[in-house]
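Okay, my_file-v5.cif is below, mmCIF, C-alpha atoms and all ligand atoms:
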```cif
data_structure
#
loop_
_atom_site.label_atom_id
_atom_site.label_comp_id
_atom_site.auth_asym_id
_atom_site.auth_seq_id
_atom_site.Cartn_x
_atom_site.Cartn_y
_atom_site.Cartn_z
CA MET A 1 30.85 11.34 6.03
CA ILE A 2 34.42 10.86 4.74
CA GLY A 3 36.52 13.96 4.09
CA GLY A 4 40.03 14.04 2.64
CA MET A 5 41.45 14.13 6.19
CA GLY A 6 39.34 11.55 7.91
CA ILE A 7 35.81 11.36 9.24
CA LEU A 8 33.78 14.54 9.50
CA THR A 9 31.36 14.69 12.37
CA VAL A 10 28.14 16.72 12.35
CA ASP A 11 29.87 19.29 14.61
CA ASP A 12 32.50 19.95 11.92
CA MET A 13 29.96 20.64 9.18
CA ASP A 14 28.33 23.97 8.51
CA PHE A 15 24.68 24.39 7.61
CA ASP A 16 25.26 24.24 3.83
CA ALA A 17 27.26 21.02 4.04
CA LEU A 18 24.64 19.40 6.28
CA HIS A 19 21.87 20.56 3.99
CA ALA A 20 23.65 19.19 0.91
CA ALA A 21 24.27 15.85 2.67
CA LEU A 22 20.60 15.61 3.59
CA ALA A 23 19.44 16.53 0.06
CA TRP A 24 21.76 13.87 -1.33
CA GLN A 25 20.22 11.23 0.92
CA VAL A 26 16.69 12.27 -0.01
CA GLU A 27 17.66 12.00 -3.68
CA LEU A 28 18.89 8.46 -3.03
CA GLY A 29 15.46 7.59 -1.70
CA VAL A 30 15.98 7.84 2.07
CA THR A 31 12.65 8.74 3.63
CA GLU A 32 13.32 8.43 7.33
CA ALA A 33 16.04 8.20 9.95
CA ILE A 34 16.16 4.87 11.68
CA GLY A 35 18.38 5.77 14.60
CA ASP A 36 18.92 8.84 16.77
CA VAL A 37 22.65 8.25 17.13
CA PRO A 38 24.84 8.28 13.98
CA VAL A 39 26.69 5.03 13.30
CA ASP A 40 30.33 5.31 12.28
CA ARG A 41 30.69 2.32 9.98
CA TYR A 42 34.37 3.10 9.32
CA GLU A 43 35.45 2.70 12.92
CA THR A 44 37.81 -0.26 13.30
CA PRO A 45 36.62 -2.66 15.94
CA ALA A 46 38.97 -2.88 18.93
CA GLU A 47 39.40 -6.57 18.34
CA ALA A 48 38.50 -8.53 15.26
CA PRO A 49 35.39 -10.57 16.01
CA LYS A 50 36.04 -14.26 16.41
CA VAL A 51 34.39 -16.36 13.76
CA ALA A 52 32.17 -18.83 15.53
CA ALA A 53 32.00 -22.31 14.16
CA VAL A 54 28.63 -22.55 12.50
CA ALA A 55 27.05 -25.85 11.71
CA PRO A 56 25.97 -26.10 8.08
CA PRO A 57 22.23 -25.50 7.69
CA ALA A 58 20.09 -28.60 7.61
CA PRO A 59 18.86 -29.36 4.10
CA LEU A 60 15.27 -28.26 3.53
CA ALA A 61 14.45 -31.45 1.74
CA ALA A 62 16.14 -34.61 0.64
CA PRO A 63 18.27 -33.95 -2.43
CA PRO A 64 16.40 -34.91 -5.59
CA THR A 65 17.36 -38.21 -7.09
CA ALA A 66 18.36 -38.34 -10.74
CA GLY A 67 15.34 -37.89 -13.00
CA HIS A 68 13.13 -36.63 -10.13
CA ALA A 69 14.15 -32.97 -9.74
CA ALA A 70 11.20 -31.93 -7.61
CA PRO A 71 11.38 -28.26 -6.47
CA VAL A 72 11.60 -27.65 -2.72
CA GLN A 73 8.07 -26.84 -1.55
CA GLY A 74 7.36 -24.52 1.39
CA PRO A 75 3.93 -23.67 2.72
CA ASP A 76 1.90 -21.83 0.08
CA PRO A 77 1.27 -18.30 1.43
CA VAL A 78 -1.70 -17.79 -0.89
CA ALA A 79 -3.39 -20.92 0.46
CA ILE A 80 -2.64 -19.83 4.05
CA ALA A 81 -4.06 -16.39 3.33
CA ARG A 82 -7.18 -17.86 1.73
CA ASP A 83 -7.74 -20.12 4.70
CA ALA A 84 -7.19 -17.35 7.28
CA ALA A 85 -9.38 -14.85 5.44
CA GLY A 86 -12.12 -17.39 4.76
CA ARG A 87 -12.42 -18.24 8.44
CA ALA A 88 -12.98 -14.61 9.50
CA PRO A 89 -16.67 -14.22 10.34
CA ASP A 90 -16.62 -10.42 10.51
CA LEU A 91 -14.47 -7.38 9.82
CA ALA A 92 -12.88 -7.32 13.28
CA ALA A 93 -11.80 -10.95 12.86
CA LEU A 94 -10.50 -10.23 9.38
CA ARG A 95 -8.44 -7.31 10.68
CA ALA A 96 -6.96 -9.62 13.34
CA ALA A 97 -6.28 -12.38 10.80
CA LEU A 98 -4.49 -9.93 8.55
CA ALA A 99 -2.37 -8.61 11.41
CA ASP A 100 -1.44 -12.23 12.25
CA PHE A 101 -0.51 -13.19 8.70
CA ASP A 102 3.25 -13.68 8.41
CA GLY A 103 3.54 -14.76 4.78
CA CYS A 104 4.41 -11.34 3.36
CA GLU A 105 7.87 -9.85 3.84
CA LEU A 106 6.47 -6.30 3.63
CA LYS A 107 5.03 -6.71 7.11
CA ARG A 108 8.52 -6.82 8.59
CA GLY A 109 9.39 -3.37 7.26
CA ALA A 110 6.08 -1.73 8.17
CA ARG A 111 5.15 0.13 11.32
CA ASN A 112 1.45 -0.67 11.09
CA THR A 113 -1.00 -2.97 9.37
CA VAL A 114 -3.27 -0.59 7.49
CA PHE A 115 -6.68 -2.24 7.33
CA ALA A 116 -9.41 0.29 6.52
CA ASP A 117 -11.02 3.56 7.43
CA GLY A 118 -14.51 4.99 7.23
CA ALA A 119 -17.95 3.51 7.51
CA PRO A 120 -17.99 -0.29 7.06
CA GLY A 121 -21.67 -0.23 5.97
CA ALA A 122 -21.09 2.40 3.26
CA ARG A 123 -22.55 1.94 -0.21
CA VAL A 124 -19.17 2.70 -1.77
CA MET A 125 -15.86 1.01 -0.99
CA VAL A 126 -12.70 2.63 -2.33
CA ILE A 127 -9.76 0.31 -2.99
CA GLY A 128 -6.35 1.91 -3.36
CA GLU A 129 -2.93 0.46 -3.83
CA ALA A 130 -0.83 0.37 -0.66
CA PRO A 131 -0.02 2.58 2.30
CA GLY A 132 2.61 5.26 1.88
CA ARG A 133 4.72 6.79 4.61
CA ASP A 134 1.91 8.78 6.25
CA GLU A 135 -0.47 5.82 6.20
CA ASP A 136 2.21 3.52 7.61
CA ILE A 137 2.68 5.89 10.52
CA ALA A 138 -1.03 6.57 11.11
CA GLY A 139 -2.22 2.99 10.52
CA LYS A 140 -5.02 4.31 8.28
CA PRO A 141 -5.38 4.38 4.49
CA PHE A 142 -5.24 7.58 2.47
CA VAL A 143 -4.27 10.12 5.11
CA GLY A 144 -1.36 11.81 3.26
CA ARG A 145 -1.61 14.39 0.47
CA ALA A 146 -3.26 11.94 -1.93
CA GLY A 147 -5.72 10.96 0.79
CA GLN A 148 -6.62 14.57 1.49
CA LEU A 149 -7.35 15.02 -2.20
CA LEU A 150 -9.44 11.85 -2.16
CA ASP A 151 -11.46 13.29 0.73
CA ARG A 152 -12.06 16.55 -1.16
CA MET A 153 -13.07 14.66 -4.31
CA PHE A 154 -15.73 12.62 -2.55
CA ASP A 155 -16.82 15.54 -0.44
CA ALA A 156 -17.68 17.29 -3.70
CA ILE A 157 -20.36 14.66 -4.33
CA GLY A 158 -21.52 14.67 -0.72
CA MET A 159 -19.66 11.57 0.56
CA GLN A 160 -17.32 11.43 3.53
CA ARG A 161 -15.46 8.68 5.35
CA THR A 162 -16.65 10.21 8.61
CA ALA A 163 -20.33 9.99 7.61
CA GLU A 164 -22.62 7.10 8.46
CA GLY A 165 -25.17 5.52 6.15
CA ARG A 166 -25.83 6.68 2.59
CA ASP A 167 -23.18 9.38 2.55
CA GLY A 168 -20.45 7.25 4.11
CA LEU A 169 -17.34 5.97 2.42
CA TYR A 170 -15.30 2.89 3.27
CA ILE A 171 -11.64 2.87 2.25
CA THR A 172 -8.98 0.18 2.01
CA ASN A 173 -5.98 -0.86 -0.09
CA ILE A 174 -4.84 -3.97 -1.95
CA LEU A 175 -1.77 -4.19 0.31
CA PRO A 176 -1.96 -3.49 4.05
CA TRP A 177 1.81 -2.86 4.42
CA ARG A 178 3.93 -0.13 2.93
CA PRO A 179 6.34 -1.34 0.22
CA PRO A 180 9.89 0.02 0.71
CA GLN A 181 10.43 3.37 -1.02
CA ASN A 182 6.77 3.15 -2.11
CA ARG A 183 7.75 0.80 -4.92
CA ASP A 184 5.03 -0.96 -6.90
CA PRO A 185 3.72 -4.11 -5.24
CA GLU A 186 5.06 -7.33 -6.72
CA PRO A 187 2.68 -9.88 -8.28
CA ALA A 188 3.42 -12.41 -5.50
CA GLU A 189 2.58 -9.81 -2.83
CA ILE A 190 -0.70 -8.97 -4.54
CA ALA A 191 -1.55 -12.66 -4.96
CA MET A 192 -1.17 -13.40 -1.25
CA MET A 193 -3.15 -10.32 -0.19
CA LEU A 194 -6.02 -10.87 -2.62
CA PRO A 195 -7.85 -13.45 -0.46
CA PHE A 196 -7.98 -10.83 2.30
CA VAL A 197 -9.26 -8.16 -0.09
CA GLU A 198 -11.92 -10.52 -1.44
CA ARG A 199 -13.14 -11.41 2.02
CA HIS A 200 -12.97 -7.74 3.02
CA VAL A 201 -15.34 -6.82 0.18
CA GLU A 202 -17.61 -9.76 1.01
CA LEU A 203 -17.90 -8.72 4.66
CA ALA A 204 -18.19 -4.95 4.07
CA ASN A 205 -20.65 -5.73 1.27
CA PRO A 206 -20.69 -2.37 -0.54
CA GLU A 207 -22.96 -1.77 -3.54
CA ILE A 208 -20.13 -0.31 -5.58
CA LEU A 209 -16.34 -0.56 -5.69
CA VAL A 210 -14.15 2.34 -6.76
CA LEU A 211 -10.78 1.09 -7.99
CA MET A 212 -8.16 3.77 -7.53
CA GLY A 213 -5.38 3.48 -10.09
CA ASN A 214 -3.65 0.75 -12.06
CA ILE A 215 -2.61 -1.54 -9.23
CA SER A 216 -6.11 -2.12 -7.92
CA CYS A 217 -7.51 -2.41 -11.46
CA HIS A 218 -4.90 -5.00 -12.32
CA ALA A 219 -5.50 -6.89 -9.08
CA LEU A 220 -9.30 -6.95 -9.30
CA LEU A 221 -10.10 -6.67 -13.01
CA GLY A 222 -7.00 -8.38 -14.36
CA ARG A 223 -6.49 -5.35 -16.62
CA LYS A 224 -4.12 -2.40 -16.65
CA GLY A 225 -4.21 0.91 -18.49
CA ILE A 226 -6.13 3.27 -16.25
CA THR A 227 -6.37 5.92 -18.96
CA ARG A 228 -8.52 3.56 -21.02
CA LEU A 229 -10.27 1.84 -18.09
CA ARG A 230 -11.42 4.91 -16.20
CA GLY A 231 -14.80 6.36 -16.89
CA ALA A 232 -16.43 3.02 -17.78
CA TRP A 233 -18.23 0.67 -15.44
CA ALA A 234 -16.66 -2.74 -14.98
CA GLU A 235 -17.41 -5.67 -12.68
CA ALA A 236 -15.18 -6.88 -9.88
CA LEU A 237 -15.98 -9.42 -7.16
CA ASN A 238 -19.58 -9.66 -8.43
CA ARG A 239 -20.37 -5.99 -8.10
CA PRO A 240 -20.13 -2.84 -10.21
CA ALA A 241 -16.68 -1.31 -10.15
CA LEU A 242 -15.57 2.08 -11.34
CA PRO A 243 -11.88 2.51 -12.22
CA MET A 244 -10.63 6.02 -11.50
CA PHE A 245 -7.36 7.92 -11.66
CA HIS A 246 -5.46 7.57 -8.41
CA PRO A 247 -5.38 10.88 -6.46
CA ALA A 248 -1.56 10.70 -6.37
CA TYR A 249 -1.67 10.76 -10.18
CA LEU A 250 -4.03 13.73 -10.06
CA LEU A 251 -1.58 15.59 -7.82
CA ARG A 252 1.09 15.12 -10.48
CA ASN A 253 -1.29 15.73 -13.41
CA PRO A 254 -3.82 18.34 -12.31
CA LEU A 255 -5.34 18.54 -15.81
CA ALA A 256 -6.65 15.00 -15.34
CA LYS A 257 -8.93 16.25 -12.56
CA ARG A 258 -11.47 17.03 -15.29
CA GLU A 259 -11.80 13.30 -16.06
CA ALA A 260 -11.86 12.48 -12.35
CA TRP A 261 -14.75 14.89 -11.89
CA HIS A 262 -16.58 13.23 -14.77
CA ASP A 263 -16.11 9.85 -13.06
CA LEU A 264 -17.32 11.16 -9.71
CA LEU A 265 -20.49 12.42 -11.38
CA MET A 266 -20.99 8.99 -12.97
CA LEU A 267 -20.71 7.46 -9.53
CA GLN A 268 -23.14 9.93 -8.05
CA ALA A 269 -25.67 9.28 -10.84
CA ARG A 270 -25.44 5.52 -10.29
CA LEU A 271 -26.03 5.93 -6.57
CA ARG A 272 -29.19 7.99 -7.09
N1 LIG B 301 -2.03 5.57 -1.91
C1 LIG B 301 -2.80 4.48 -1.82
O1 LIG B 301 -3.06 3.82 -2.83
N2 LIG B 301 -3.27 4.15 -0.63
C2 LIG B 301 -3.03 4.84 0.47
O2 LIG B 301 -3.50 4.47 1.53
C3 LIG B 301 -2.22 5.97 0.35
C4 LIG B 301 -1.72 6.33 -0.84
#
```
Here is a file; write its structure as structure tokens.
Amino acid sequence: MIGGMGILTVDDMDFDALHAALAWQVELGVTEAIGDVPVDRYETPAEAPKVAAVAPPAPLAAPPTAGHAAPVQGPDPVAIARDAAGRAPDLAALRAALADFDGCELKRGARNTVFADGAPGARVMVIGEAPGRDEDIAGKPFVGRAGQLLDRMFDAIGMQRTAEGRDGLYITNILPWRPPQNRDPEPAEIAMMLPFVERHVELANPEILVLMGNISCHALLGRKGITRLRGAWAEALNRPALPMFHPAYLLRNPLAKREAWHDLLMLQARLR
């Protein structure tokens, strides 16, 4: 931190100043420390680094000739994803194919590939949006506060991710990697992950999909507007799908739990 008289170190700061500095960082969106030792970015290097002669990068493609302005084409990540997912004969192979997929930048910022949790043979498969901080650390979907609420919601109709058979629950997300600052996934990220989600559903083969929140509804139904979508059966990937409020939304809007309860009862009735 810069003070009027130079750089303040942690030793110079009292509790209140440290607390205020931390609160300021949290407000800016910092969610974790990435190094144990503070970096003084204002320190002048002892000697200015020498600028190495760098060869200009090789052109990616021949420059377009007049009248033929073809865009530079790289490998299509959606096609690569479709091919990798399609070749997975079972869930273990799909998990490995996903972990190997390098087309999505989000992977580089994530600690873990979050594939799924629960009973793969369950009648109901829940599809959420993307891992958050807790899921990124644990490598499992829906383990943070929203996930704990999700567990309580399904427990209320007798279904648990730890149960086998009829009462089991299988849980995944549209994206397997945490977006930075938990931002919404971008359309291109969803597009390249969809082949994996489609194959995931095919291999897990649940009777019913539960689509948690707008992102998974948009990805799998092509529609947004969870307030209108929820509470009505739809069809996704050739099976019945029930859009529901995301548990993170319910944490922020507890009054909406009434509608969520209604939807859980609809699900329970359909399963009977
Ligand atoms: N929200 C989601 O949509 N998925 C998770 O795994 C966690 C939070």
Write out as a compact mmCIF listing (two decimals) with C-alpha atoms, in the frame of the given file each polymer residue whose atoms come within 10 Å of A:Ile226, counting all atoms listed in the file; drop sequence neighbours fewer than 2 positions from it.
```
# COMPACT_ATOMS: atom_id res chain seq x y z
CA LEU A 211 -10.78 1.09 -7.99
CA MET A 212 -8.16 3.77 -7.53
CA GLY A 213 -5.38 3.48 -10.09
CA ASN A 214 -3.65 0.75 -12.06
CA ILE A 215 -2.61 -1.54 -9.23
CA SER A 216 -6.11 -2.12 -7.92
CA CYS A 217 -7.51 -2.41 -11.46
CA HIS A 218 -4.90 -5.00 -12.32
CA ARG A 223 -6.49 -5.35 -16.62
CA LYS A 224 -4.12 -2.40 -16.65
CA ARG A 228 -8.52 3.56 -21.02
CA LEU A 229 -10.27 1.84 -18.09
CA ARG A 230 -11.42 4.91 -16.20
CA GLY A 231 -14.80 6.36 -16.89
CA PRO A 243 -11.88 2.51 -12.22
CA MET A 244 -10.63 6.02 -11.50
CA PHE A 245 -7.36 7.92 -11.66
CA HIS A 246 -5.46 7.57 -8.41
```
Report as an MDAnalysis selection string all protein, DNA and RNA residues lying within 12 Å of A:Arg252, evaluated on all atoms listed in the file, omitting residues in the same chain fewer than 4 positions from it. chainID A and resid 145:146 149 245:248 256:257
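For the residues A:Ile137, A:Ala79, A:Ile174, A:Val126, ranking by smallest atom-to-atom distance to A:Met159 using only C-alpha atoms places A:Val126 first.
Distance-wise, atom CA of A:Leu175 and atom CA of A:Ala130 end up 4.8 Å apart.
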Surroundings of ligand LIG 301 (chain B) up to 6 Å, based on only C-alpha atoms and all ligand atoms, as an MDAnalysis selection string: chainID A and resid 128:132 135 141:142 146 173
Choose the residue, out of A:Ala156, A:Ala234, A:Ala219, A:Ala96, that has the smallest atom-to-atom separation from A:Met193; count only C-alpha atoms. A:Ala219
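Shortest separation to A:Leu267 among A:Asp90, A:Ala85, A:Gly168, A:Leu242 occurs at residue A:Leu242, atoms counted being only C-alpha atoms.
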Name the residues in contact with A:Ala241 at a cut-off of 7 Å, using all atoms listed in the file, excluding same-chain residues fewer than 2 positions from it; report them as a count of residues only. 10
Please produce stretch 239-252 of chain A, completed to N, CA, C and O atoms, as a PDB file, in the frame of the given file.
```pdb
ATOM      1  N   ARG A 239     -19.647  -7.253  -8.283  1.00  0.00           N
ATOM      2  CA  ARG A 239     -20.370  -5.990  -8.100  1.00  0.00           C
ATOM      3  C   ARG A 239     -19.822  -4.932  -9.051  1.00  0.00           C
ATOM      4  O   ARG A 239     -18.699  -5.076  -9.542  1.00  0.00           O
ATOM      5  N   PRO A 240     -20.616  -3.875  -9.304  1.00  0.00           N
ATOM      6  CA  PRO A 240     -20.130  -2.840 -10.210  1.00  0.00           C
ATOM      7  C   PRO A 240     -18.881  -2.172  -9.665  1.00  0.00           C
ATOM      8  O   PRO A 240     -18.792  -1.911  -8.459  1.00  0.00           O
ATOM      9  N   ALA A 241     -17.951  -1.920 -10.567  1.00  0.00           N
ATOM     10  CA  ALA A 241     -16.680  -1.310 -10.150  1.00  0.00           C
ATOM     11  C   ALA A 241     -16.338  -0.182 -11.111  1.00  0.00           C
ATOM     12  O   ALA A 241     -16.458  -0.332 -12.326  1.00  0.00           O
ATOM     13  N   LEU A 242     -15.931   0.928 -10.526  1.00  0.00           N
ATOM     14  CA  LEU A 242     -15.570   2.080 -11.340  1.00  0.00           C
ATOM     15  C   LEU A 242     -14.076   2.367 -11.200  1.00  0.00           C
ATOM     16  O   LEU A 242     -13.626   2.802 -10.145  1.00  0.00           O
ATOM     17  N   PRO A 243     -13.303   2.137 -12.267  1.00  0.00           N
ATOM     18  CA  PRO A 243     -11.880   2.510 -12.220  1.00  0.00           C
ATOM     19  C   PRO A 243     -11.739   4.026 -12.306  1.00  0.00           C
ATOM     20  O   PRO A 243     -12.429   4.672 -13.097  1.00  0.00           O
ATOM     21  N   MET A 244     -10.878   4.567 -11.480  1.00  0.00           N
ATOM     22  CA  MET A 244     -10.630   6.020 -11.500  1.00  0.00           C
ATOM     23  C   MET A 244      -9.136   6.296 -11.431  1.00  0.00           C
ATOM     24  O   MET A 244      -8.373   5.472 -10.936  1.00  0.00           O
ATOM     25  N   PHE A 245      -8.747   7.501 -11.854  1.00  0.00           N
ATOM     26  CA  PHE A 245      -7.360   7.920 -11.660  1.00  0.00           C
ATOM     27  C   PHE A 245      -7.063   7.959 -10.167  1.00  0.00           C
ATOM     28  O   PHE A 245      -7.892   8.425  -9.369  1.00  0.00           O
ATOM     29  N   HIS A 246      -5.875   7.503  -9.805  1.00  0.00           N
ATOM     30  CA  HIS A 246      -5.460   7.570  -8.410  1.00  0.00           C
ATOM     31  C   HIS A 246      -5.219   9.039  -8.030  1.00  0.00           C
ATOM     32  O   HIS A 246      -4.662   9.798  -8.834  1.00  0.00           O
ATOM     33  N   PRO A 247      -5.614   9.472  -6.829  1.00  0.00           N
ATOM     34  CA  PRO A 247      -5.380  10.880  -6.460  1.00  0.00           C
ATOM     35  C   PRO A 247      -3.909  11.286  -6.495  1.00  0.00           C
ATOM     36  O   PRO A 247      -3.616  12.456  -6.752  1.00  0.00           O
ATOM     37  N   ALA A 248      -2.991  10.347  -6.272  1.00  0.00           N
ATOM     38  CA  ALA A 248      -1.560  10.700  -6.370  1.00  0.00           C
ATOM     39  C   ALA A 248      -1.233  11.083  -7.825  1.00  0.00           C
ATOM     40  O   ALA A 248      -0.433  11.991  -8.067  1.00  0.00           O
ATOM     41  N   TYR A 249      -1.863  10.408  -8.761  1.00  0.00           N
ATOM     42  CA  TYR A 249      -1.670  10.760 -10.180  1.00  0.00           C
ATOM     43  C   TYR A 249      -2.256  12.148 -10.449  1.00  0.00           C
ATOM     44  O   TYR A 249      -1.668  12.956 -11.162  1.00  0.00           O
ATOM     45  N   LEU A 250      -3.394  12.411  -9.837  1.00  0.00           N
ATOM     46  CA  LEU A 250      -4.030  13.730 -10.060  1.00  0.00           C
ATOM     47  C   LEU A 250      -3.177  14.860  -9.475  1.00  0.00           C
ATOM     48  O   LEU A 250      -3.173  15.966 -10.004  1.00  0.00           O
ATOM     49  N   LEU A 251      -2.462  14.564  -8.391  1.00  0.00           N
ATOM     50  CA  LEU A 251      -1.580  15.590  -7.820  1.00  0.00           C
ATOM     51  C   LEU A 251      -0.450  15.920  -8.805  1.00  0.00           C
ATOM     52  O   LEU A 251      -0.022  17.062  -8.913  1.00  0.00           O
ATOM     53  N   ARG A 252      -0.004  14.886  -9.521  1.00  0.00           N
ATOM     54  CA  ARG A 252       1.090  15.120 -10.480  1.00  0.00           C
ATOM     55  C   ARG A 252       0.561  15.642 -11.821  1.00  0.00           C
ATOM     56  O   ARG A 252       1.279  16.273 -12.571  1.00  0.00           O
TER      57      ARG A 252
END
```
